[in-house]
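> Just model19.cif, nothing more (mmCIF, C-alpha atoms):
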```
data_run
#
loop_
_atom_site.label_atom_id
_atom_site.label_comp_id
_atom_site.auth_asym_id
_atom_site.auth_seq_id
_atom_site.Cartn_x
_atom_site.Cartn_y
_atom_site.Cartn_z
CA MET A 1 24.61 26.27 -60.00
CA THR A 2 26.64 25.10 -63.00
CA GLU A 3 25.69 22.02 -64.91
CA PRO A 4 28.13 19.40 -66.06
CA PRO A 5 29.07 19.64 -69.74
CA ASP A 6 27.20 17.39 -72.15
CA GLN A 7 28.97 14.19 -73.15
CA PRO A 8 29.85 14.04 -76.87
CA PRO A 9 27.61 11.53 -78.69
CA ASN A 10 28.64 7.92 -79.35
CA GLN A 11 31.76 8.13 -77.21
CA GLU A 12 32.84 5.11 -75.24
CA PRO A 13 34.36 5.53 -71.79
CA PRO A 14 38.14 5.82 -71.97
CA TRP A 15 38.78 2.47 -70.27
CA ARG A 16 36.94 0.62 -73.01
CA LYS A 17 39.06 1.98 -75.81
CA PRO A 18 41.84 -0.33 -77.07
CA LEU A 19 45.33 1.08 -76.54
CA TYR A 20 46.47 0.11 -80.03
CA ARG A 21 44.68 -0.66 -83.23
CA PRO A 22 45.18 -4.16 -84.75
CA GLY A 23 48.62 -4.38 -86.39
CA GLN A 24 49.88 -1.20 -84.74
CA MET A 25 53.17 -1.46 -82.81
CA PRO A 26 53.21 -0.01 -79.29
CA PRO A 27 55.26 3.15 -78.93
CA PRO A 28 58.88 2.69 -77.79
CA PRO A 29 59.56 3.10 -74.05
CA PRO A 30 60.64 6.61 -73.08
CA GLU A 31 64.35 7.26 -72.75
CA ARG A 32 65.66 7.11 -69.25
CA VAL A 33 65.19 10.57 -67.85
CA ARG A 34 68.33 12.10 -66.41
CA ILE A 35 67.68 14.55 -63.64
CA PRO A 36 69.36 17.70 -64.85
CA ARG A 37 71.84 19.38 -62.55
CA ARG A 38 70.36 22.54 -61.14
CA GLU A 39 72.15 25.66 -62.17
CA SER A 40 72.32 26.60 -58.51
CA ASP A 41 74.46 23.53 -57.64
CA ASP A 42 78.10 24.52 -57.31
CA VAL A 43 79.57 21.11 -58.06
CA PRO A 44 83.30 22.05 -58.12
CA SER A 45 83.04 23.74 -54.72
CA VAL A 46 81.10 20.91 -53.14
CA ALA A 47 83.34 18.21 -54.59
CA MET A 48 86.55 19.95 -53.48
CA ALA A 49 85.01 20.63 -50.08
CA PHE A 50 84.72 16.89 -49.53
CA VAL A 51 88.34 16.47 -50.68
CA GLY A 52 89.43 19.16 -48.24
CA MET A 53 87.55 17.54 -45.35
CA PHE A 54 89.52 14.32 -45.77
CA LEU A 55 92.82 16.10 -46.45
CA THR A 56 92.66 17.72 -43.01
CA ILE A 57 93.33 14.40 -41.30
CA PRO A 58 96.72 13.56 -42.87
CA ILE A 59 97.80 17.22 -42.79
CA SER A 60 97.03 17.52 -39.07
CA PHE A 61 98.69 14.23 -38.16
CA PHE A 62 101.79 15.00 -40.28
CA VAL A 63 102.27 18.41 -38.68
CA VAL A 64 101.75 17.02 -35.18
CA VAL A 65 104.24 14.21 -35.72
CA ALA A 66 106.76 16.59 -37.29
CA THR A 67 106.56 19.12 -34.44
CA TYR A 68 105.98 16.80 -31.46
CA GLU A 69 108.45 17.50 -28.66
CA GLY A 70 106.40 16.39 -25.67
CA ALA A 71 103.12 17.06 -23.94
CA GLY A 72 101.19 20.29 -24.55
CA LEU A 73 99.21 22.28 -27.04
CA ALA A 74 102.02 23.34 -29.39
CA PRO A 75 101.90 20.51 -31.99
CA GLY A 76 98.11 20.59 -32.30
CA ALA A 77 98.02 24.37 -32.30
CA THR A 78 100.60 24.41 -35.11
CA ALA A 79 98.47 22.02 -37.15
CA ALA A 80 95.37 24.10 -36.44
CA ALA A 81 97.09 27.33 -37.44
CA LEU A 82 98.30 25.82 -40.72
CA VAL A 83 94.98 24.23 -41.66
CA LEU A 84 92.86 27.25 -40.69
CA ALA A 85 95.21 29.75 -42.35
CA LEU A 86 95.36 27.73 -45.57
CA GLY A 87 91.65 27.00 -45.53
CA GLY A 88 90.63 30.51 -44.61
CA GLY A 89 92.88 31.99 -47.27
CA LEU A 90 91.54 29.72 -50.00
CA CYS A 91 87.95 30.71 -49.07
CA PHE A 92 88.60 34.12 -50.59
CA VAL A 93 89.96 32.79 -53.88
CA ARG A 94 87.62 33.37 -56.80
CA GLU A 95 88.24 30.00 -58.42
CA SER A 96 85.42 27.71 -57.38
CA ALA A 97 87.40 24.52 -56.78
CA ALA A 98 90.11 26.24 -54.73
CA ARG A 99 87.49 27.96 -52.62
CA GLY A 100 85.76 24.65 -52.05
CA LEU A 101 89.06 23.10 -50.96
CA GLY A 102 89.56 25.87 -48.43
CA ILE A 103 86.04 25.43 -47.09
CA GLY A 104 86.61 21.69 -46.84
CA LEU A 105 89.84 22.14 -44.87
CA MET A 106 88.04 24.30 -42.31
CA ILE A 107 85.10 21.93 -42.10
CA GLY A 108 87.49 19.00 -41.75
CA TRP A 109 89.40 20.70 -38.91
CA ALA A 110 86.19 21.47 -37.06
CA GLY A 111 84.76 18.00 -37.63
CA LEU A 112 87.99 16.35 -36.43
CA THR A 113 87.92 18.57 -33.35
CA ILE A 114 84.32 17.72 -32.53
CA ILE A 115 84.85 13.99 -33.01
CA SER A 116 88.22 13.68 -31.28
CA GLY A 117 87.79 16.36 -28.63
CA GLY A 118 90.64 18.40 -30.08
CA ILE A 119 93.37 15.79 -30.34
CA CYS A 120 95.83 16.92 -33.06
CA THR A 121 93.75 20.02 -33.80
CA GLY A 122 95.01 22.35 -31.10
CA LEU A 123 92.02 22.19 -28.76
CA HIS A 124 93.31 19.46 -26.50
CA GLY A 125 96.75 19.11 -25.03
CA LEU A 126 98.78 16.12 -26.09
CA VAL A 127 100.11 13.90 -23.38
CA GLU A 128 103.43 12.06 -23.15
CA MET B 1 71.25 -3.74 -17.26
CA LEU B 2 72.64 -1.60 -20.09
CA ALA B 3 76.18 -2.68 -20.88
CA MET B 4 78.51 0.28 -21.19
CA ARG B 5 80.79 0.03 -24.21
CA PRO B 6 83.68 2.46 -24.05
CA VAL B 7 85.16 0.71 -27.09
CA LEU B 8 82.71 -0.12 -29.86
CA PHE B 9 84.91 -2.42 -31.95
CA HIS B 10 88.53 -2.98 -32.88
CA ILE B 11 90.33 -2.38 -36.15
CA GLY B 12 93.30 -4.63 -35.71
CA THR B 13 94.73 -3.66 -32.36
CA VAL B 14 93.20 -0.17 -32.35
CA GLY B 15 89.99 0.24 -30.41
CA VAL B 16 87.37 2.62 -31.83
CA PRO B 17 85.92 4.74 -28.99
CA THR B 18 82.13 4.37 -28.89
CA HIS B 19 81.39 7.99 -28.05
CA ASP B 20 83.65 9.40 -30.77
CA PHE B 21 82.30 6.89 -33.32
CA PHE B 22 78.70 7.98 -32.82
CA VAL B 23 79.62 11.66 -32.76
CA GLY B 24 81.40 11.15 -36.07
CA LEU B 25 78.48 9.16 -37.46
CA GLY B 26 76.08 11.93 -36.34
CA VAL B 27 78.21 14.56 -38.09
CA ALA B 28 78.32 12.45 -41.26
CA ILE B 29 74.56 11.87 -41.33
CA ALA B 30 73.91 15.54 -40.56
CA THR B 31 76.14 16.48 -43.49
CA ILE B 32 74.20 14.23 -45.86
CA VAL B 33 70.86 15.61 -44.67
CA PHE B 34 72.19 19.16 -45.00
CA VAL B 35 73.35 18.62 -48.58
CA LEU B 36 70.02 17.02 -49.57
CA GLU B 37 68.05 19.86 -48.00
CA ALA B 38 70.28 22.48 -49.63
CA ARG B 39 69.78 20.83 -53.03
CA ALA B 40 66.02 20.70 -52.51
CA ARG B 41 65.98 24.41 -51.69
CA GLN B 42 68.48 25.24 -54.48
CA GLN B 43 70.96 26.66 -51.98
CA LEU B 44 73.88 24.29 -52.51
CA ARG B 45 76.61 26.80 -53.28
CA ALA B 46 79.95 27.96 -51.91
CA GLU B 47 78.33 30.59 -49.69
CA THR B 48 76.23 27.96 -47.95
CA LEU B 49 79.29 25.79 -47.40
CA ILE B 50 81.08 28.75 -45.85
CA ALA B 51 78.15 29.04 -43.44
CA VAL B 52 78.62 25.34 -42.62
CA ALA B 53 82.34 25.93 -42.03
CA GLY B 54 81.46 28.83 -39.73
CA ALA B 55 78.98 26.66 -37.85
CA LEU B 56 81.42 23.79 -37.31
CA VAL B 57 84.42 25.98 -36.44
CA GLY B 58 82.29 28.03 -34.05
CA GLY B 59 80.80 24.86 -32.63
CA ALA B 60 84.21 23.31 -32.01
CA ILE B 61 85.46 26.45 -30.23
CA GLY B 62 82.22 26.92 -28.27
CA MET B 63 82.24 23.29 -27.20
CA ARG B 64 85.68 23.78 -25.69
CA LEU B 65 85.17 27.20 -24.11
CA SER B 66 82.03 26.04 -22.32
CA GLY B 67 84.36 24.74 -19.61
CA LEU B 68 85.72 28.22 -18.96
CA LEU B 69 83.38 29.32 -16.15
CA PRO B 70 82.11 26.25 -14.29
CA HIS B 71 82.16 27.96 -10.89
CA LEU B 72 80.65 31.16 -9.55
CA SER B 73 83.87 31.80 -7.67
CA ALA B 74 86.37 33.24 -10.15
CA SER B 75 89.35 31.76 -8.33
CA ALA B 76 87.98 28.23 -8.73
CA ASN B 77 87.64 28.55 -12.50
CA PRO B 78 90.33 27.38 -14.90
CA THR B 79 92.35 29.83 -16.94
CA LEU B 80 91.59 30.30 -20.61
CA VAL B 81 94.54 28.12 -21.56
CA GLN B 82 93.50 25.39 -19.14
CA ALA B 83 89.90 25.43 -20.38
CA TRP B 84 91.20 25.37 -23.96
CA GLU B 85 93.56 22.52 -23.27
CA PHE B 86 91.52 20.23 -21.02
CA GLY B 87 88.04 21.74 -20.97
CA ALA B 88 84.63 20.17 -21.41
CA ARG B 89 82.80 19.01 -24.54
CA SER B 90 79.45 20.65 -24.02
CA VAL B 91 76.60 20.27 -26.51
CA LEU B 92 75.03 23.57 -25.44
CA GLY B 93 78.34 25.38 -25.78
CA GLY B 94 78.78 23.81 -29.19
CA LEU B 95 75.33 24.87 -30.38
CA ALA B 96 75.83 28.43 -29.15
CA GLY B 97 79.26 28.59 -30.75
CA ALA B 98 77.90 27.20 -33.99
CA TYR B 99 75.19 29.86 -34.14
CA VAL B 100 77.73 32.63 -33.57
CA GLY B 101 80.07 31.02 -36.10
CA VAL B 102 77.41 31.06 -38.81
CA LEU B 103 76.60 34.72 -38.15
CA ILE B 104 80.29 35.70 -38.33
CA ALA B 105 80.99 33.64 -41.46
CA LYS B 106 78.00 35.08 -43.31
CA LYS B 107 78.93 38.60 -42.19
CA ILE B 108 82.47 38.21 -43.51
CA ILE B 109 81.35 37.15 -46.98
CA GLY B 110 78.29 39.40 -47.04
CA TYR B 111 75.81 36.53 -47.47
CA GLN B 112 72.40 37.58 -46.22
CA VAL B 113 70.26 34.57 -47.15
CA ARG B 114 68.76 32.84 -44.11
CA THR B 115 70.27 29.35 -43.76
CA GLY B 116 68.57 28.12 -40.59
CA ASP B 117 66.08 25.96 -42.48
CA LEU B 118 68.99 23.97 -43.92
CA PHE B 119 70.56 23.37 -40.52
CA ALA B 120 67.42 22.41 -38.59
CA PRO B 121 66.85 18.85 -39.83
CA ALA B 122 70.58 18.18 -40.03
CA VAL B 123 71.23 19.22 -36.43
CA ALA B 124 68.22 17.25 -35.19
CA ILE B 125 69.21 13.97 -36.80
CA GLY B 126 72.90 14.50 -35.99
CA MET B 127 72.11 15.04 -32.32
CA ALA B 128 69.90 11.94 -32.21
CA VAL B 129 72.69 9.76 -33.56
CA GLY B 130 75.43 11.41 -31.48
CA ARG B 131 73.53 10.87 -28.25
CA ILE B 132 73.64 7.11 -28.81
CA GLY B 133 77.32 7.37 -27.94
CA CYS B 134 76.44 9.15 -24.70
CA LEU B 135 73.84 6.49 -23.89
CA LEU B 136 76.48 3.77 -24.17
CA THR B 137 79.30 5.50 -22.29
CA GLU B 138 78.02 8.02 -19.74
CA ALA B 139 76.04 8.02 -16.51
CA PRO B 140 72.38 7.49 -17.53
CA GLY B 141 70.71 9.90 -15.12
CA ARG B 142 69.42 10.45 -11.62
CA PRO B 143 68.11 7.58 -9.50
CA THR B 144 64.42 6.97 -10.02
CA ALA B 145 61.58 4.59 -9.18
CA VAL B 146 59.88 4.74 -12.60
CA PRO B 147 59.31 1.34 -14.23
CA TRP B 148 61.59 2.16 -17.18
CA GLY B 149 64.57 3.08 -15.03
CA MET B 150 67.81 1.52 -16.22
CA HIS B 151 70.84 0.13 -14.44
CA ALA B 152 74.45 0.59 -15.43
CA PRO B 153 77.65 -1.10 -14.19
CA GLU B 154 79.70 0.37 -11.36
CA SER B 155 82.56 1.11 -13.76
CA THR B 156 80.52 3.89 -15.45
CA PRO B 157 82.36 7.15 -14.79
CA LEU B 158 80.83 9.84 -12.54
CA CYS B 159 77.80 7.68 -11.77
CA LEU B 160 76.76 7.50 -8.11
CA GLY B 161 73.56 5.60 -8.96
CA CYS B 162 75.65 2.91 -10.64
CA VAL B 163 77.70 2.38 -7.48
CA THR B 164 74.58 2.00 -5.31
CA GLY B 165 72.80 -0.23 -7.85
CA GLN B 166 69.78 2.04 -8.19
CA ALA B 167 67.67 2.33 -11.33
CA MET B 168 68.26 5.62 -13.14
CA HIS B 169 66.45 7.78 -15.65
CA PRO B 170 67.59 6.95 -19.22
CA SER B 171 68.04 10.65 -19.87
CA PHE B 172 69.97 10.15 -23.11
CA ALA B 173 67.20 7.91 -24.41
CA TYR B 174 64.75 10.74 -23.69
CA GLU B 175 66.96 13.08 -25.68
CA ILE B 176 67.30 10.67 -28.60
CA ALA B 177 63.49 10.36 -28.71
CA PHE B 178 63.17 14.16 -28.64
CA HIS B 179 65.56 14.75 -31.53
CA LEU B 180 63.99 12.04 -33.67
CA SER B 181 60.55 13.55 -33.01
CA ALA B 182 61.90 17.00 -33.81
CA PHE B 183 63.35 15.69 -37.08
CA VAL B 184 59.93 14.35 -38.11
CA ALA B 185 58.21 17.55 -36.94
CA ILE B 186 60.60 19.72 -38.96
CA TYR B 187 59.69 17.88 -42.13
CA TRP B 188 56.00 18.25 -41.29
CA LEU B 189 56.45 21.97 -40.68
CA ARG B 190 58.42 22.63 -43.86
CA SER B 191 55.28 23.34 -45.89
CA ARG B 192 53.56 25.26 -43.08
CA ILE B 193 56.21 27.71 -41.92
CA HIS B 194 57.34 30.03 -44.69
CA ALA B 195 59.39 32.63 -42.82
CA PRO B 196 63.04 31.92 -43.73
CA GLY B 197 65.04 30.47 -40.88
CA GLU B 198 62.02 30.00 -38.63
CA LEU B 199 62.30 26.21 -38.60
CA PHE B 200 65.66 26.49 -36.87
CA THR B 201 64.29 28.97 -34.35
CA LEU B 202 61.44 26.62 -33.48
CA TYR B 203 63.81 23.67 -33.16
CA ILE B 204 66.20 25.54 -30.89
CA ALA B 205 63.31 26.85 -28.81
CA ALA B 206 61.89 23.36 -28.39
CA TYR B 207 65.30 21.92 -27.52
CA ALA B 208 66.00 24.67 -24.98
CA VAL B 209 62.73 23.98 -23.17
CA PHE B 210 63.20 20.22 -23.38
CA ARG B 211 66.81 20.38 -22.20
CA PHE B 212 65.88 22.57 -19.23
CA PHE B 213 63.39 20.01 -17.99
CA VAL B 214 65.35 16.88 -18.90
CA GLU B 215 68.23 18.24 -16.81
CA PHE B 216 66.16 17.31 -13.76
CA THR B 217 66.67 13.67 -14.79
CA ARG B 218 70.36 14.01 -15.72
CA ALA B 219 73.23 13.18 -13.39
CA ASN B 220 74.78 16.67 -13.56
CA GLU B 221 75.85 18.53 -10.46
CA HIS B 222 73.49 21.08 -8.86
CA VAL B 223 75.39 24.36 -8.53
CA TRP B 224 72.82 26.85 -7.17
CA LEU B 225 69.13 26.77 -6.26
CA GLU B 226 68.99 23.08 -7.21
CA LEU B 227 69.71 23.90 -10.85
CA THR B 228 72.58 22.54 -12.92
CA ARG B 229 75.06 24.53 -15.03
CA PRO B 230 73.24 23.73 -18.30
CA GLN B 231 70.00 24.98 -16.77
CA TRP B 232 71.60 28.25 -15.71
CA PHE B 233 73.12 28.55 -19.17
CA LEU B 234 69.65 28.11 -20.66
CA VAL B 235 67.85 30.68 -18.47
CA PRO B 236 68.82 33.80 -20.46
CA GLY B 237 68.36 31.87 -23.70
CA LEU B 238 64.82 30.89 -22.73
CA VAL B 239 63.97 34.53 -22.07
CA LEU B 240 65.27 35.57 -25.49
CA ILE B 241 63.50 32.69 -27.21
CA GLY B 242 60.24 33.57 -25.48
CA TRP B 243 60.52 37.13 -26.70
CA ARG B 244 61.36 35.99 -30.23
CA LEU B 245 58.44 33.53 -30.42
CA THR B 246 56.01 36.15 -29.09
CA TYR B 247 57.25 38.64 -31.67
CA GLN B 248 56.83 36.16 -34.53
CA TYR B 249 53.41 35.11 -33.21
CA ARG B 250 52.18 38.69 -33.31
CA LYS B 251 53.55 39.06 -36.83
CA GLY B 252 51.41 36.14 -37.92
CA THR B 253 54.30 33.82 -38.78
CA TYR B 254 52.51 30.87 -37.16
CA ASP B 255 48.99 31.60 -38.43
CA VAL B 256 48.89 28.68 -40.86
CA LEU B 257 50.30 26.38 -38.20
CA LEU B 258 47.74 27.49 -35.61
CA GLY B 259 44.80 27.53 -38.01
CA ARG B 260 44.22 31.20 -37.49
CA GLN B 261 42.84 33.29 -40.28
CA PRO B 262 45.34 35.85 -41.49
CA ALA B 263 44.48 39.32 -40.34
CA VAL B 264 42.52 41.43 -42.84
CA ALA B 265 43.89 44.89 -43.49
CA LEU B 266 41.43 47.59 -42.39
CA ARG B 267 40.69 50.45 -44.78
#
```
Turn this file's structure into structure tokens for me.


Amino acid sequence: MTEPPDQPPNQEPPWRKPLYRPGQMPPPPPERVRIPRRESDDVPSVAMAFVGMFLTIPISFFVVVATYEGAGLAPGATAAALVLALGGGLCFVRESAARGLGIGLMIGWAGLTIISGGICTGLHGLVE
Amino acid sequence: MLAMRPVLFHIGTVGVPTHDFFVGLGVAIATIVFVLEARARQQLRAETLIAVAGALVGGAIGMRLSGLLPHLSASANPTLVQAWEFGARSVLGGLAGAYVGVLIAKKIIGYQVRTGDLFAPAVAIGMAVGRIGCLLTEAPGRPTAVPWGMHAPESTPLCLGCVTGQAMHPSFAYEIAFHLSAFVAIYWLRSRIHAPGELFTLYIAAYAVFRFFVEFTRANEHVWLELTRPQWFLVPGLVLIGWRLTYQYRKGTYDVLLGRQPAVALR
């Protein structure tokens, strides 16, 4: 069984020691620590992905309005084809921001479909 | 009596549909949770976002195609175009489509890192929030005599219990409670399950079992042998999940969770 180490002689417990000697200024407060961005974070892709998500809405509505000729799938399907083709194509671009934009367009199309049931995204027929 | 709210609020003269609002809110919250989890695991990169795109695109398509085969008789089923155009919005179809979508997206870009652990908490919290919309707009469940049965107005669509004034199971409330519990459990399991992607497998397994049994309280139509379409959809999935869990159990994946000592290699 090990024994505890011997205490050094004439040493007061830590809580009894004064923090500063008389006349000594306290140290300055530490600088505000900025959490460094991890090297693994792909900021351009993520940022442009959010841009692409929101761009899907006006693109889809514009295409639907421009091609609307009555009830059916055609306007929404046209919007879906444009968004998915553009988004899918950009996903293979090497440039990080462009790839993020393409990812965002696809995510935006899918999110709009899930929320709206496919209105203006080609998964639900428009009515008169 | 729970007041159904088909329209949650108005922006000017435009009414915001309650169900769509909470689905959108669920997707937004799930996205935030996903990004935070990806940052914590240092996986926030373009490849992960492509997996997300695959999940959502696959989920949107699966959600729609789930209305393709509602009947055993082929002649009674809609055509592909009809199912595509006016089909259902099924959660189970969406989840299955999302899983396939992630696999396809990762295959296309050659990304082999397991991403299930990122999706698990996001899907759980997103489902909990999305089901609030169902609670406020859809038929609660089957008639029941339990003390916590709820009533809903006669105007609730596809709700026979509402017409007769009977108390009904609050099946969507059960599901909200499940997903919130699963969300907490996932965070508790994060430090105890180390096999990549296993958190998502456990979540899906738990939801499949829960959904099979909660269907007995839902107001869905019985199609064969007193089981509903979602239950029949889940039967093959439950078999696969059972096999998968047994396989992982024998590998020792759950040893820390179960308090078992890891097996000692024999010389």

> Taking the file above as input, evaluate the PyMOL selection byres ((chain B) within 7 of (chain A)) and report the hits as a list of chain:residue names.

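This file gives the following for the PyMOL selection byres ((chain B) within 7 of (chain A)): B:Asp20, B:Val23, B:Gly24, B:Gln42, B:Gln43, B:Leu44, B:Arg45, B:Ala46, B:Leu49, B:Ile50, B:Ala53, B:Leu56, B:Val57, B:Ala60, B:Trp84, B:Glu85, B:Phe86, B:Arg89.
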
> Just the residues within 12 Å of region 147-155 of chain B, please, counting only C-alpha atoms, with nothing from its chain fewer than 5 positions along; format it as a CSV table (one decimal) with C-alpha atoms, in the coordinates of the input.


```csv
chain,number,residue,atom,x,y,z
B,1,MET,CA,71.2,-3.7,-17.3
B,2,LEU,CA,72.6,-1.6,-20.1
B,3,ALA,CA,76.2,-2.7,-20.9
B,4,MET,CA,78.5,0.3,-21.2
B,5,ARG,CA,80.8,0.0,-24.2
B,6,PRO,CA,83.7,2.5,-24.0
B,135,LEU,CA,73.8,6.5,-23.9
B,136,LEU,CA,76.5,3.8,-24.2
B,137,THR,CA,79.3,5.5,-22.3
B,138,GLU,CA,78.0,8.0,-19.7
B,139,ALA,CA,76.0,8.0,-16.5
B,140,PRO,CA,72.4,7.5,-17.5
B,141,GLY,CA,70.7,9.9,-15.1
B,142,ARG,CA,69.4,10.4,-11.6
B,160,LEU,CA,76.8,7.5,-8.1
B,161,GLY,CA,73.6,5.6,-9.0
B,162,CYS,CA,75.6,2.9,-10.6
B,163,VAL,CA,77.7,2.4,-7.5
B,164,THR,CA,74.6,2.0,-5.3
B,165,GLY,CA,72.8,-0.2,-7.8
B,166,GLN,CA,69.8,2.0,-8.2
B,167,ALA,CA,67.7,2.3,-11.3
B,168,MET,CA,68.3,5.6,-13.1
B,169,HIS,CA,66.4,7.8,-15.6
B,170,PRO,CA,67.6,7.0,-19.2
B,171,SER,CA,68.0,10.6,-19.9
B,172,PHE,CA,70.0,10.2,-23.1
B,173,ALA,CA,67.2,7.9,-24.4
B,174,TYR,CA,64.8,10.7,-23.7
B,217,THR,CA,66.7,13.7,-14.8
```

> How many Å separate CA of Arg192 (chain B) from CA of Gln112 (chain B)?

22.7 Å

> So, counting all atoms listed in the file, which residue among A:Met53, A:Leu101, A:Val65, A:Ile59 is closest to Leu82 (chain A)?

A:Ile59

> Got a sec: who's within 8 Å of region 124-129 of chain B, counting only C-alpha atoms, leaving out chain neighbours fewer than 6 positions off, as a PyMOL selection string?

chain B and resi 22-23+25-30+175-180+182-183

> Translate the PyMOL selection byres ((chain B and resi 55) around 8) into a concrete residue list for this structure, as a ChimeraX atom specification.

/B:51-54,56-59,97-102

> Taking all atoms listed in the file into account, which of A:Ala98, A:Ala85, A:Thr67, A:Ala77 comes nearest Met48 (chain A)?

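Closest residue, counting all atoms listed in the file: A:Ala98.
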
> Determine, counting all atoms listed in the file, which protein, DNA and RNA residues have an atom within 9 Å of an atom of Leu8 (chain B); residues of the same chain fewer than 2 positions away are not included. Present the result as a ChimeraX atom specification.

/B:5-6,10,15-19,21

> One number please: CA of Val51 (chain A) to CA of Ile61 (chain B), in Å, one decimal.

22.9 Å

> Closest to Leu238 (chain B) among B:His222, B:Ser191, B:Ala208, B:Asp255, using only C-alpha atoms?

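For Leu238 (chain B), the nearest of the candidates is B:Ala208.
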
> Suppose you want the space between CA of Glu37 (chain B) and CA of Leu118 (chain B); what is it in Å?

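Atom-to-atom, CA of Glu37 (chain B) and CA of Leu118 (chain B) are spaced 5.9 Å apart.
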
> Please determine, counting only C-alpha atoms, which residue among A:Pro75, A:Glu95, A:Gly89, A:Val83 has the shortest atom-to-atom distance to Ile57 (chain A).

A:Val83

> Which residue, B:Val123, B:Glu47, B:Ile32, B:Ile11, has the smallest gap to Lys107 (chain B) when you use all atoms listed in the file?

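Going through B:Val123, B:Glu47, B:Ile32, B:Ile11 one by one, the smallest distance to Lys107 (chain B) is for B:Glu47.
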
> When distances are computed from all atoms listed in the file, which of A:Phe54, A:Ala47, A:Ser60, A:Ala66 shows the smallest separation from Ala80 (chain A)?

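When distances to Ala80 (chain A) are compared using all atoms listed in the file, the smallest one comes from A:Ser60.
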